[in-house]
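Participant: Have a peek at my_file-v1.tsv (TSV, C-alpha atoms).
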chain	number	residue	atom	x	y	z
A	81	MET	CA	-63.93	70.59	-83.86
A	82	ARG	CA	-60.78	72.61	-83.43
A	83	GLY	CA	-58.92	69.46	-82.28
A	84	SER	CA	-59.94	67.59	-85.45
A	85	LEU	CA	-58.71	70.49	-87.57
A	86	HIS	CA	-55.31	70.29	-85.89
A	87	ILE	CA	-55.08	66.56	-86.61
A	88	PHE	CA	-55.98	67.09	-90.30
A	89	VAL	CA	-53.38	69.86	-90.62
A	90	LEU	CA	-50.73	67.65	-88.99
A	91	LEU	CA	-51.54	64.69	-91.23
A	92	GLY	CA	-51.46	66.97	-94.28
A	93	LEU	CA	-48.04	68.28	-93.29
A	94	LEU	CA	-46.69	64.75	-92.77
A	95	LEU	CA	-48.06	63.67	-96.17
A	96	PHE	CA	-46.47	66.70	-97.81
A	97	ALA	CA	-43.18	66.06	-96.10
A	98	SER	CA	-43.18	62.41	-97.18
A	99	CYS	CA	-43.21	63.54	-100.83
A	100	ALA	CA	-39.66	64.90	-100.45
A	101	PRO	CA	-37.22	63.44	-103.04
A	102	ARG	CA	-35.77	60.05	-102.08
A	103	PRO	CA	-32.00	59.70	-101.79
A	104	SER	CA	-30.44	58.26	-104.92
A	105	MET	CA	-28.58	55.57	-102.94
A	106	SER	CA	-29.92	53.66	-100.03
A	107	ARG	CA	-26.36	53.27	-98.80
A	108	GLN	CA	-23.96	56.15	-98.47
A	109	VAL	CA	-20.24	55.75	-98.00
A	110	GLU	CA	-17.97	58.48	-96.80
A	111	GLU	CA	-14.23	58.06	-96.51
A	112	ARG	CA	-12.43	59.69	-93.62
A	113	ILE	CA	-8.73	58.74	-93.63
A	114	ARG	CA	-6.54	57.46	-96.46
A	115	LEU	CA	-2.97	56.30	-96.33
A	116	LEU	CA	-0.81	54.80	-99.08
A	117	SER	CA	2.43	53.09	-98.10
A	118	GLN	CA	5.33	51.09	-99.53
A	119	THR	CA	5.99	47.56	-98.29
A	120	GLY	CA	8.29	44.70	-99.21
A	121	GLU	CA	6.52	41.60	-97.98
A	122	LEU	CA	7.31	38.32	-99.67
A	123	GLY	CA	4.43	36.03	-98.74
A	124	THR	CA	5.36	32.36	-98.99
A	125	VAL	CA	2.49	30.50	-97.36
A	126	GLU	CA	-1.26	30.87	-96.95
A	127	TYR	CA	-3.22	29.00	-94.31
A	128	THR	CA	-6.98	28.63	-94.50
A	129	VAL	CA	-8.36	28.17	-91.00
A	130	ARG	CA	-11.93	27.38	-89.95
A	131	LYS	CA	-13.22	28.51	-86.60
A	132	ALA	CA	-16.56	28.11	-84.86
A	133	VAL	CA	-17.61	30.93	-82.55
A	134	ARG	CA	-20.08	29.51	-80.04
A	135	ALA	CA	-21.57	31.51	-77.19
A	136	ARG	CA	-24.33	31.08	-74.62
A	137	ASP	CA	-25.98	33.52	-72.31
A	138	GLU	CA	-27.87	32.06	-69.36
A	139	GLY	CA	-28.68	35.53	-68.11
A	140	GLU	CA	-28.88	36.88	-64.62
A	141	TRP	CA	-30.91	35.06	-62.01
A	142	PHE	CA	-33.88	37.35	-62.51
A	143	LYS	CA	-33.98	36.82	-66.29
A	144	ILE	CA	-36.13	34.02	-67.65
A	145	GLY	CA	-34.77	32.11	-70.62
A	146	ASN	CA	-31.45	31.45	-72.34
A	147	ARG	CA	-29.73	32.55	-75.52
A	148	ARG	CA	-27.33	30.60	-77.70
A	149	ILE	CA	-25.59	31.51	-80.92
A	150	LEU	CA	-23.18	29.79	-83.30
A	151	PHE	CA	-21.12	31.36	-86.07
A	152	SER	CA	-18.69	29.66	-88.42
A	153	CYS	CA	-15.96	31.65	-90.11
A	154	THR	CA	-12.98	31.09	-92.34
A	155	ALA	CA	-9.73	33.01	-92.01
A	156	ARG	CA	-7.01	33.24	-94.64
A	157	ILE	CA	-3.61	33.95	-93.12
A	158	LYS	CA	-0.51	34.87	-95.09
A	159	ALA	CA	3.03	34.78	-93.76
A	160	GLY	CA	6.48	35.23	-95.20
A	161	ILE	CA	9.66	37.27	-95.17
A	162	ASP	CA	9.90	41.03	-94.84
A	163	LEU	CA	12.38	42.08	-97.54
A	164	ASP	CA	12.94	45.43	-95.79
A	165	ARG	CA	14.61	43.52	-92.98
A	166	VAL	CA	16.99	41.47	-95.17
A	167	PRO	CA	20.52	42.56	-94.13
A	168	LEU	CA	22.02	43.40	-97.51
A	169	ASP	CA	25.49	43.84	-96.03
A	170	LYS	CA	25.48	40.14	-95.11
A	171	ILE	CA	25.09	38.95	-98.70
A	172	VAL	CA	28.44	37.46	-99.68
A	173	VAL	CA	29.05	36.42	-103.28
A	174	ASP	CA	32.05	34.46	-104.58
A	175	GLU	CA	31.78	34.54	-108.36
A	176	SER	CA	34.74	32.20	-108.96
A	177	ARG	CA	33.08	29.43	-106.90
A	178	HIS	CA	29.52	30.35	-107.93
A	179	SER	CA	28.62	30.57	-104.29
A	180	ILE	CA	26.42	32.92	-102.30
A	181	SER	CA	25.52	33.18	-98.65
A	182	MET	CA	22.78	35.37	-97.26
A	183	VAL	CA	20.77	35.91	-94.12
A	184	LEU	CA	17.00	36.20	-94.04
A	185	PRO	CA	14.89	37.58	-91.19
A	186	HIS	CA	12.53	35.18	-89.44
A	187	ALA	CA	9.05	34.87	-90.93
A	188	THR	CA	6.17	37.04	-89.80
A	189	VAL	CA	2.41	37.03	-90.37
A	190	PHE	CA	1.48	39.67	-92.93
A	191	SER	CA	-2.26	39.46	-93.19
A	192	ILE	CA	-5.25	37.86	-91.52
A	193	ASN	CA	-8.30	38.04	-93.72
A	194	ILE	CA	-11.72	36.95	-92.48
A	195	PRO	CA	-13.98	37.71	-95.45
A	196	PRO	CA	-17.47	38.81	-94.35
A	197	GLU	CA	-19.07	36.42	-96.84
A	198	LYS	CA	-17.30	33.57	-95.02
A	199	ILE	CA	-18.87	34.48	-91.67
A	200	ARG	CA	-22.09	32.50	-91.39
A	201	LEU	CA	-24.67	32.64	-88.67
A	202	GLU	CA	-25.34	28.91	-88.32
A	203	TYR	CA	-27.69	28.86	-85.37
A	204	GLU	CA	-29.41	31.26	-82.99
A	205	ASP	CA	-31.74	30.16	-80.20
A	206	VAL	CA	-33.53	32.53	-77.84
A	207	THR	CA	-35.95	31.22	-75.22
A	208	GLY	CA	-38.20	32.72	-72.55
A	209	PHE	CA	-38.43	36.46	-72.29
A	210	ARG	CA	-34.92	37.10	-73.60
A	211	GLN	CA	-34.15	39.40	-76.51
A	212	LYS	CA	-32.25	38.37	-79.64
A	213	PHE	CA	-28.53	39.05	-79.82
A	214	SER	CA	-27.91	42.71	-80.65
A	215	ASP	CA	-25.59	43.95	-83.39
A	216	GLN	CA	-23.05	44.96	-80.75
A	217	GLU	CA	-23.15	41.52	-79.09
A	218	ARG	CA	-22.74	39.67	-82.39
A	219	GLN	CA	-19.89	42.02	-83.25
A	220	ALA	CA	-18.20	41.47	-79.88
A	221	LEU	CA	-18.39	37.68	-80.30
A	222	LEU	CA	-16.89	37.79	-83.79
A	223	LYS	CA	-14.11	40.08	-82.55
A	224	GLN	CA	-13.34	37.58	-79.81
A	225	GLY	CA	-13.29	34.79	-82.41
A	226	GLU	CA	-10.80	36.80	-84.46
A	227	ARG	CA	-8.62	37.34	-81.39
A	228	ASP	CA	-8.71	33.57	-80.74
A	229	VAL	CA	-7.47	32.87	-84.28
A	230	VAL	CA	-4.60	35.35	-83.78
A	231	ARG	CA	-3.77	33.77	-80.40
A	232	VAL	CA	-3.43	30.23	-81.79
A	233	LEU	CA	-1.38	31.26	-84.83
A	234	PRO	CA	2.01	30.24	-83.33
A	235	GLU	CA	0.62	26.76	-82.59
A	236	LEU	CA	-0.44	26.24	-86.21
A	237	GLY	CA	3.17	26.14	-87.44
A	238	ILE	CA	2.59	28.81	-90.07
A	239	LEU	CA	5.89	30.61	-89.39
A	240	ALA	CA	8.00	27.46	-89.74
A	241	GLU	CA	6.17	26.63	-92.97
A	242	ALA	CA	6.74	30.18	-94.25
A	243	GLU	CA	10.49	29.93	-93.59
A	244	THR	CA	10.73	26.52	-95.31
A	245	ASN	CA	8.94	27.90	-98.37
A	246	ALA	CA	11.11	31.04	-98.33
A	247	LEU	CA	14.21	28.84	-98.39
A	248	ASP	CA	12.85	26.93	-101.39
A	249	PHE	CA	11.90	30.21	-103.11
A	250	PHE	CA	15.34	31.77	-102.72
A	251	HIS	CA	17.13	28.52	-103.61
A	252	ALA	CA	15.17	28.22	-106.86
A	253	MET	CA	15.77	31.88	-107.74
A	254	LEU	CA	19.49	31.81	-106.93
A	255	GLU	CA	20.00	28.54	-108.86
A	256	GLN	CA	18.38	30.16	-111.88
A	257	MET	CA	20.81	33.06	-111.46
A	258	GLY	CA	23.67	30.57	-111.80
A	259	PHE	CA	24.70	30.01	-108.20
A	260	GLU	CA	25.70	26.46	-107.29
A	261	ASN	CA	26.66	26.75	-103.65
A	262	ILE	CA	23.87	28.48	-101.77
A	263	GLN	CA	23.84	29.06	-98.04
A	264	ILE	CA	20.84	30.73	-96.45
A	265	THR	CA	20.35	31.18	-92.71
A	266	PHE	CA	17.70	32.88	-90.59
A	267	GLU	CA	18.52	35.40	-87.94
B	268	MET	CA	-63.50	54.74	-42.99
B	269	LYS	CA	-63.75	51.52	-44.97
B	270	LYS	CA	-60.56	52.32	-46.88
B	271	ASP	CA	-58.61	52.87	-43.68
B	272	ALA	CA	-59.76	49.49	-42.39
B	273	ALA	CA	-58.59	47.71	-45.56
B	274	ILE	CA	-54.94	48.85	-45.33
B	275	HIS	CA	-54.68	48.31	-41.64
B	276	ILE	CA	-52.24	45.45	-40.80
B	277	PRO	CA	-52.14	44.26	-37.26
B	278	LEU	CA	-48.78	44.95	-35.67
B	279	ARG	CA	-48.40	41.35	-34.57
B	280	TYR	CA	-48.22	40.23	-38.27
B	281	LEU	CA	-45.92	43.01	-39.43
B	282	VAL	CA	-42.76	41.68	-37.81
B	283	PRO	CA	-43.07	38.03	-39.01
B	284	VAL	CA	-44.03	39.09	-42.56
B	285	SER	CA	-41.05	41.46	-42.74
B	286	LEU	CA	-38.78	38.72	-41.44
B	287	VAL	CA	-39.99	36.22	-44.05
B	288	LEU	CA	-39.54	38.77	-46.82
B	289	ALA	CA	-36.04	39.60	-45.62
B	290	ILE	CA	-35.08	35.91	-45.49
B	291	VAL	CA	-36.43	35.31	-49.03
B	292	LEU	CA	-34.44	38.32	-50.29
B	293	VAL	CA	-31.26	37.08	-48.65
B	294	LEU	CA	-31.77	33.60	-50.14
B	295	LEU	CA	-32.31	35.03	-53.62
B	296	VAL	CA	-29.29	37.29	-53.50
B	297	PHE	CA	-26.72	35.14	-51.69
B	298	LEU	CA	-27.78	31.57	-52.24
B	299	ARG	CA	-28.39	31.77	-55.99
B	300	PRO	CA	-26.32	29.35	-58.06
B	301	LYS	CA	-22.66	30.29	-57.94
B	302	ARG	CA	-21.97	29.50	-61.62
B	303	GLN	CA	-20.87	32.39	-63.75
B	304	ARG	CA	-23.67	33.91	-65.73
B	305	GLY	CA	-23.82	36.35	-68.62
B	306	LEU	CA	-22.56	35.99	-72.19
B	307	LYS	CA	-19.90	33.30	-72.37
B	308	LEU	CA	-17.81	32.15	-75.32
B	309	ASP	CA	-17.22	28.40	-75.49
B	310	PRO	CA	-13.66	27.40	-76.39
B	311	THR	CA	-13.50	25.91	-79.88
B	312	PRO	CA	-10.44	24.81	-81.86
B	313	ALA	CA	-9.17	26.52	-84.99
B	314	LEU	CA	-8.92	23.88	-87.72
B	315	VAL	CA	-6.40	24.21	-90.52
B	316	GLU	CA	-8.34	23.46	-93.68
B	317	GLN	CA	-5.69	24.15	-96.30
B	318	VAL	CA	-2.00	25.02	-96.50
B	319	ARG	CA	-1.00	26.64	-99.77
B	320	ARG	CA	2.46	27.57	-100.95
B	321	ILE	CA	2.44	31.07	-102.41
B	322	GLY	CA	5.02	33.50	-103.76
B	323	GLU	CA	3.52	36.97	-103.48
B	324	LEU	CA	5.47	40.18	-103.28
B	325	SER	CA	3.21	42.71	-101.61
B	326	SER	CA	4.89	46.00	-102.35
B	327	ALA	CA	2.20	48.57	-101.54
B	328	GLY	CA	-0.45	48.97	-98.90
B	329	PHE	CA	-3.50	51.17	-98.57
B	330	TYR	CA	-5.43	52.01	-95.44
B	331	GLU	CA	-8.77	53.76	-95.29
B	332	GLU	CA	-11.46	54.50	-92.76
B	333	LEU	CA	-15.02	54.57	-94.00
B	334	VAL	CA	-18.35	55.59	-92.53
B	335	LEU	CA	-21.22	53.64	-94.07
B	336	THR	CA	-24.81	54.69	-93.66
B	337	ASP	CA	-27.53	52.25	-94.63
B	338	LEU	CA	-30.63	54.41	-94.86
B	339	ASP	CA	-34.00	53.04	-93.87
B	340	ASP	CA	-35.75	53.51	-97.23
B	341	SER	CA	-39.09	52.12	-96.10
B	342	TYR	CA	-42.10	54.46	-96.18
B	343	LEU	CA	-41.91	54.96	-92.43
B	344	GLY	CA	-38.18	55.60	-92.59
B	345	GLU	CA	-38.69	58.24	-95.28
B	346	LEU	CA	-41.53	59.82	-93.35
B	347	ASN	CA	-39.45	59.82	-90.21
B	348	ARG	CA	-36.52	61.43	-91.97
B	349	ALA	CA	-38.44	63.98	-94.02
B	350	SER	CA	-40.78	65.12	-91.25
B	351	GLY	CA	-38.09	65.70	-88.70
B	352	LEU	CA	-39.71	63.21	-86.30
B	353	ARG	CA	-36.34	61.42	-85.99
B	354	ARG	CA	-35.32	64.11	-83.52
B	355	PHE	CA	-37.94	62.80	-81.15
B	356	ILE	CA	-38.34	59.09	-81.89
B	357	GLY	CA	-34.84	58.28	-83.16
B	358	SER	CA	-33.63	57.01	-86.53
B	359	SER	CA	-33.72	53.51	-87.95
B	360	ASP	CA	-30.74	54.22	-90.21
B	361	PHE	CA	-27.74	51.95	-89.73
B	362	VAL	CA	-24.29	53.53	-89.39
B	363	VAL	CA	-21.07	51.51	-89.42
B	364	ILE	CA	-17.55	52.86	-89.00
B	365	CYS	CA	-14.97	50.58	-90.55
B	366	LYS	CA	-11.29	50.58	-91.38
B	367	GLY	CA	-9.83	48.45	-94.11
B	368	ARG	CA	-6.52	47.53	-95.66
B	369	VAL	CA	-5.58	46.71	-99.25
B	370	ARG	CA	-2.36	44.97	-100.29
B	371	ALA	CA	-1.11	45.08	-103.85
B	372	GLY	CA	1.84	43.50	-105.58
B	373	PHE	CA	2.94	40.60	-107.75
B	374	ASP	CA	2.25	36.90	-107.85
B	375	PHE	CA	5.70	35.40	-108.44
B	376	THR	CA	4.25	31.95	-109.15
B	377	LYS	CA	3.23	33.44	-112.52
B	378	VAL	CA	6.88	34.14	-113.41
B	379	GLU	CA	7.99	31.69	-116.09
B	380	GLY	CA	11.47	30.51	-116.99
B	381	THR	CA	11.64	32.81	-119.98
B	382	ASP	CA	10.83	35.84	-117.80
B	383	PHE	CA	14.14	35.55	-115.99
B	384	SER	CA	17.61	35.64	-117.50
B	385	VAL	CA	21.17	36.44	-116.48
B	386	SER	CA	23.97	37.49	-118.78
B	387	GLY	CA	27.25	38.54	-117.19
B	388	ASP	CA	26.43	41.24	-114.69
B	389	THR	CA	23.07	42.00	-116.29
B	390	LEU	CA	19.84	40.56	-114.90
B	391	ARG	CA	16.55	40.72	-116.78
B	392	LEU	CA	13.22	40.01	-115.10
B	393	THR	CA	9.71	40.42	-116.45
B	394	LEU	CA	7.26	40.71	-113.62
B	395	PRO	CA	3.66	39.51	-113.92
B	396	PRO	CA	0.90	42.17	-113.92
B	397	VAL	CA	0.54	44.07	-110.70
B	398	GLU	CA	-2.67	43.14	-108.90
B	399	VAL	CA	-4.66	43.67	-105.75
B	400	LEU	CA	-3.71	40.79	-103.49
B	401	ASP	CA	-5.97	41.34	-100.47
B	402	VAL	CA	-8.82	43.56	-99.37
B	403	VAL	CA	-9.29	43.12	-95.65
B	404	ILE	CA	-12.10	44.25	-93.35
B	405	ASN	CA	-12.20	41.87	-90.40
B	406	PRO	CA	-14.77	41.81	-87.58
B	407	ALA	CA	-12.39	43.77	-85.35
B	408	ASP	CA	-12.19	46.44	-88.05
B	409	TYR	CA	-15.77	47.66	-87.95
B	410	GLU	CA	-18.04	49.01	-85.32
B	411	VAL	CA	-21.80	49.51	-85.36
B	412	PHE	CA	-22.30	53.15	-84.46
B	413	SER	CA	-26.08	53.20	-84.52
B	414	GLY	CA	-29.08	51.25	-85.73
B	415	HIS	CA	-29.89	47.59	-86.09
B	416	ARG	CA	-29.60	45.15	-88.97
B	417	SER	CA	-29.65	41.36	-89.26
B	418	HIS	CA	-26.39	39.43	-89.63
B	419	ASP	CA	-26.91	38.90	-93.37
B	420	GLU	CA	-27.69	42.58	-93.92
B	421	THR	CA	-24.54	43.59	-92.04
B	422	VAL	CA	-22.48	41.17	-94.16
B	423	ALA	CA	-23.91	42.72	-97.34
B	424	ILE	CA	-22.96	46.20	-96.11
B	425	ILE	CA	-19.38	45.15	-95.30
B	426	ILE	CA	-19.02	43.47	-98.71
B	427	GLN	CA	-20.06	46.77	-100.29
B	428	ALA	CA	-17.49	48.56	-98.13
B	429	LYS	CA	-14.79	46.18	-99.41
B	430	GLN	CA	-15.71	46.94	-103.02
B	431	ARG	CA	-15.48	50.65	-102.27
B	432	LEU	CA	-12.16	50.17	-100.47
B	433	ARG	CA	-10.67	48.32	-103.44
B	434	ALA	CA	-11.86	50.99	-105.89
B	435	ASP	CA	-10.50	53.78	-103.66
B	436	ALA	CA	-7.13	52.04	-103.37
B	437	ILE	CA	-6.85	51.77	-107.16
B	438	ASP	CA	-7.91	55.41	-107.58
B	439	ALA	CA	-5.32	56.46	-105.00
B	440	GLY	CA	-2.63	54.83	-107.15
B	441	ILE	CA	-1.84	51.65	-105.23
B	442	LEU	CA	-0.89	49.79	-108.43
B	443	ASP	CA	1.62	52.45	-109.53
B	444	GLN	CA	2.96	52.56	-105.99
B	445	ALA	CA	3.34	48.76	-105.99
B	446	GLU	CA	5.39	48.86	-109.21
B	447	LEU	CA	7.65	51.63	-107.92
B	448	SER	CA	8.16	49.93	-104.60
B	449	ALA	CA	8.85	46.50	-106.17
B	450	GLU	CA	11.41	48.08	-108.48
B	451	THR	CA	13.17	49.69	-105.51
B	452	HIS	CA	13.18	46.49	-103.44
B	453	LEU	CA	14.26	44.13	-106.22
B	454	LYS	CA	16.98	46.42	-107.57
B	455	ARG	CA	18.39	46.81	-104.07
B	456	LEU	CA	18.32	43.04	-103.46
B	457	PHE	CA	19.80	42.03	-106.81
B	458	GLY	CA	22.29	44.90	-106.67
B	459	SER	CA	23.61	43.48	-103.41
B	460	MET	CA	24.20	40.19	-105.23
B	461	GLY	CA	26.64	41.84	-107.59
B	462	TYR	CA	24.48	42.70	-110.61
B	463	ARG	CA	25.30	46.09	-112.05
B	464	GLU	CA	22.46	46.29	-114.55
B	465	ILE	CA	19.01	45.16	-113.52
B	466	LEU	CA	16.35	45.40	-116.19
B	467	LEU	CA	12.85	45.02	-114.83
B	468	THR	CA	9.84	44.89	-117.11
B	469	PHE	CA	6.28	45.11	-115.87
B	470	SER	CA	3.54	43.28	-117.71
B	471	LYS	CA	0.66	45.62	-118.38
B	472	GLU	CA	-2.43	43.50	-118.01
B	473	TYR	CA	-4.17	45.45	-115.32
B	474	PRO	CA	-7.19	44.07	-113.60
B	475	LEU	CA	-10.65	45.32	-114.36
B	476	ARG	CA	-12.17	48.02	-112.22
B	477	PRO	CA	-15.16	47.04	-110.10
B	478	ASP	CA	-17.43	48.77	-112.64
B	479	GLY	CA	-16.05	46.54	-115.40
B	480	SER	CA	-13.96	49.13	-117.27
B	481	ALA	CA	-10.36	48.31	-118.08
B	482	GLY	CA	-7.41	50.17	-116.74
B	483	ARG	CA	-5.59	50.90	-113.55
Would it be possible to restate this file's structure as C-alpha cells?

Facilitator:
Amino acid sequence: MRGSLHIFVLLGLLLFASCAPRPSMSRQVEERIRLLSQTGELGTVEYTVRKAVRARDEGEWFKIGNRRILFSCTARIKAGIDLDRVPLDKIVVDESRHSISMVLPHATVFSINIPPEKIRLEYEDVTGFRQKFSDQERQALLKQGERDVVRVLPELGILAEAETNALDFFHAMLEQMGFENIQITFE
Amino acid sequence: MKKDAAIHIPLRYLVPVSLVLAIVLVLLVFLRPKRQRGLKLDPTPALVEQVRRIGELSSAGFYEELVLTDLDDSYLGELNRASGLRRFIGSSDFVVICKGRVRAGFDFTKVEGTDFSVSGDTLRLTLPPVEVLDVVINPADYEVFSGHRSHDETVAIIIQAKQRLRADAIDAGILDQAELSAETHLKRLFGSMGYREILLTFSKEYPLRPDGSAGR
C-alpha cells in the first residue's frame, strides 16, 4: 500500500513538472567569438566542383555485417589577387606615352564554400548487427571530403585561370583610364 | 552430490579440450584476413562542373563562433528536462559548435561604362551597392558536441546557423566596414597610378535583412 502511494506521488510530481512553460524557440543560438576585419581580395574566378564522398566499413572480424554510405557535395571555390600584396612602388606610369607597368602578386584561393544544402546523403546501407553511421562518423567523412577538395585544388588549374582573368580585368580597367601601353607581370 | 558430479571433467579430456580451444583462438586472432578493416574512404575524383569569371572585391570579413542547441521538444524531452531526470538518463538535446565566415564587398561586373570616368588627374568611380558575397560554414567548421540528429536535420540546423551568421555580420557593421576598406584600397591603388583626386561614390541599394526589412 505504501509502495503504491510512493508511485502515485512520483507520477504526480512528474506530471506537475511536465507542465513547466515550454521554451519559446526549439533552437537556441549563442554566439561566442566575433571578429570583424578588413580585406582587399579581388576575386576573379569561381569554380564549382562536385565531389562524391563514399565510405565503407567492413568492421572488425568479430562484427557481423557491413556499412556503406555515399554523400554528394558541391563546393564553390573563389580565387584571385590579394590587393594588399600589390607592390605599389613598382607601378610605373609614363603619361607622355600613355604607358603603365605594374606587378601583381600570384593568385591565391580566397574561399571554399560547401553549402550545407548542397551536401546530400545519397545512399546508406547497414547490414547485419551493425549500427547506423553516427553524427560524428558522418561529420568525419564530410571533413575528409572537404580536405580532399582542398588537396586537389592545384590540379584543377584555378590559380592559372584566376591570373588570366586578373590580367583581363586590369587591362580593361587601365584601357578605360586611357592607358595604351600596358605591361602587367606576376611576381 | 549430484551437482558435483555434473561439473566434474575427467582430467584426460581437459588437456585436449584446452589445446583445441587455444588453437581456435590463435587461428581467429592471427589467421584472420589481412585486409584492412574499419571505416575506409574510397578515392573519388573532384569534377569541375562550372568555371565562372567573376570580378568581386571582398573588402571586409567577419568571423564568428556559434553554439547551437536544438532542444528535444517532444513530450518525453520536455518531461526529461523539466523533471531533472536528464541528470540520470542523459539529454536528447543536440548541441553543435560551429565557426563561420562572412565576406562582404562589391561585384565589379555590375560597374557600367558610365560609372567610371577620367578627367585630367581626377578619377570618378561609382561603385555598385555593397553586398554580402559569401557566408561559409563548411563541414570542417562544425562539430557535434552532444546528441544525435539525422543528416537532413543537421543540415537544417547549419542552414539556420548561416542565416544567424549573416544577420550578425550585418549587425556588426560588415557593410560599413566593406565600404571603408574598399575606399582605402582603391584610393591607394589609383593614387599610385598618378591620380591626385579620386572621387568614389557608393550606390546605396542595400540588401534586405533576413527578416525582410530594408536597410543595412

Participant: Can you pull out every residue within 10 Å of Leu335 in chain B, counting all atoms listed in the file, but drop anything in the same chain fewer than 3 positions away, and send it as a VMD selection string?

Facilitator: (chain A and resid 107 to 111) or (chain B and resid 332 338 361 to 365 411 to 412 424 to 425 427 to 428)

Participant: What is the CA of Ser417 in chain B-CA of Arg112 in chain A distance in Å, reported with one decimal?

Facilitator: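 Answer for the CA of Ser417 in chain B to CA of Arg112 in chain A separation: 25.5 Å.
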
Participant: At a cut-off of 6 Å, list the chain B residues touching chain A, using all atoms listed in the file, as a ChimeraX atom specification.

Facilitator: /B:304-309,313-338,346,349-350,403,405-407,422,448

Participant: What's the separation between CA of Asp435 in chain B and CA of Pro395 in chain B, in Å to one decimal place?

Facilitator: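 Pair CA of Asp435 in chain B / CA of Pro395 in chain B returns 22.6 Å.
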
Participant: For a test of reading the model, state the distance in Å between CA of Ile290 in chain B and CA of Ile144 in chain A, rounded to one decimal.

Facilitator: 22.3 Å

Participant: Let me make sure I understand: among B:Val287, B:Leu466, B:Ala371, B:Leu294, which one has the smallest atom-to-atom distance to Asp401 in chain B if we use only C-alpha atoms?

Facilitator: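 So, comparing all the options, the nearest one is B:Ala371.
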
Participant: Find, counting all atoms listed in the file, the residue in A:Ile264, A:Val206, A:Val189, A:Val230 that gets nearest to Thr244 in chain A.

Facilitator: A:Ile264

Participant: Which protein, DNA or RNA residues have an atom at most 10 Å from (7.9, 36.0, -125.2), counting all atoms listed in the file? List them as a PDB file with C-alpha atoms, in the coordinates of the input.

Facilitator:
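See result.pdb below for the written result:
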ATOM      1  CA  THR B 381      11.640  32.810-119.980  1.00  0.00           C
ATOM      2  CA  ASP B 382      10.830  35.840-117.800  1.00  0.00           C
ATOM      3  CA  THR B 393       9.710  40.420-116.450  1.00  0.00           C
TER       4      THR B 393
END
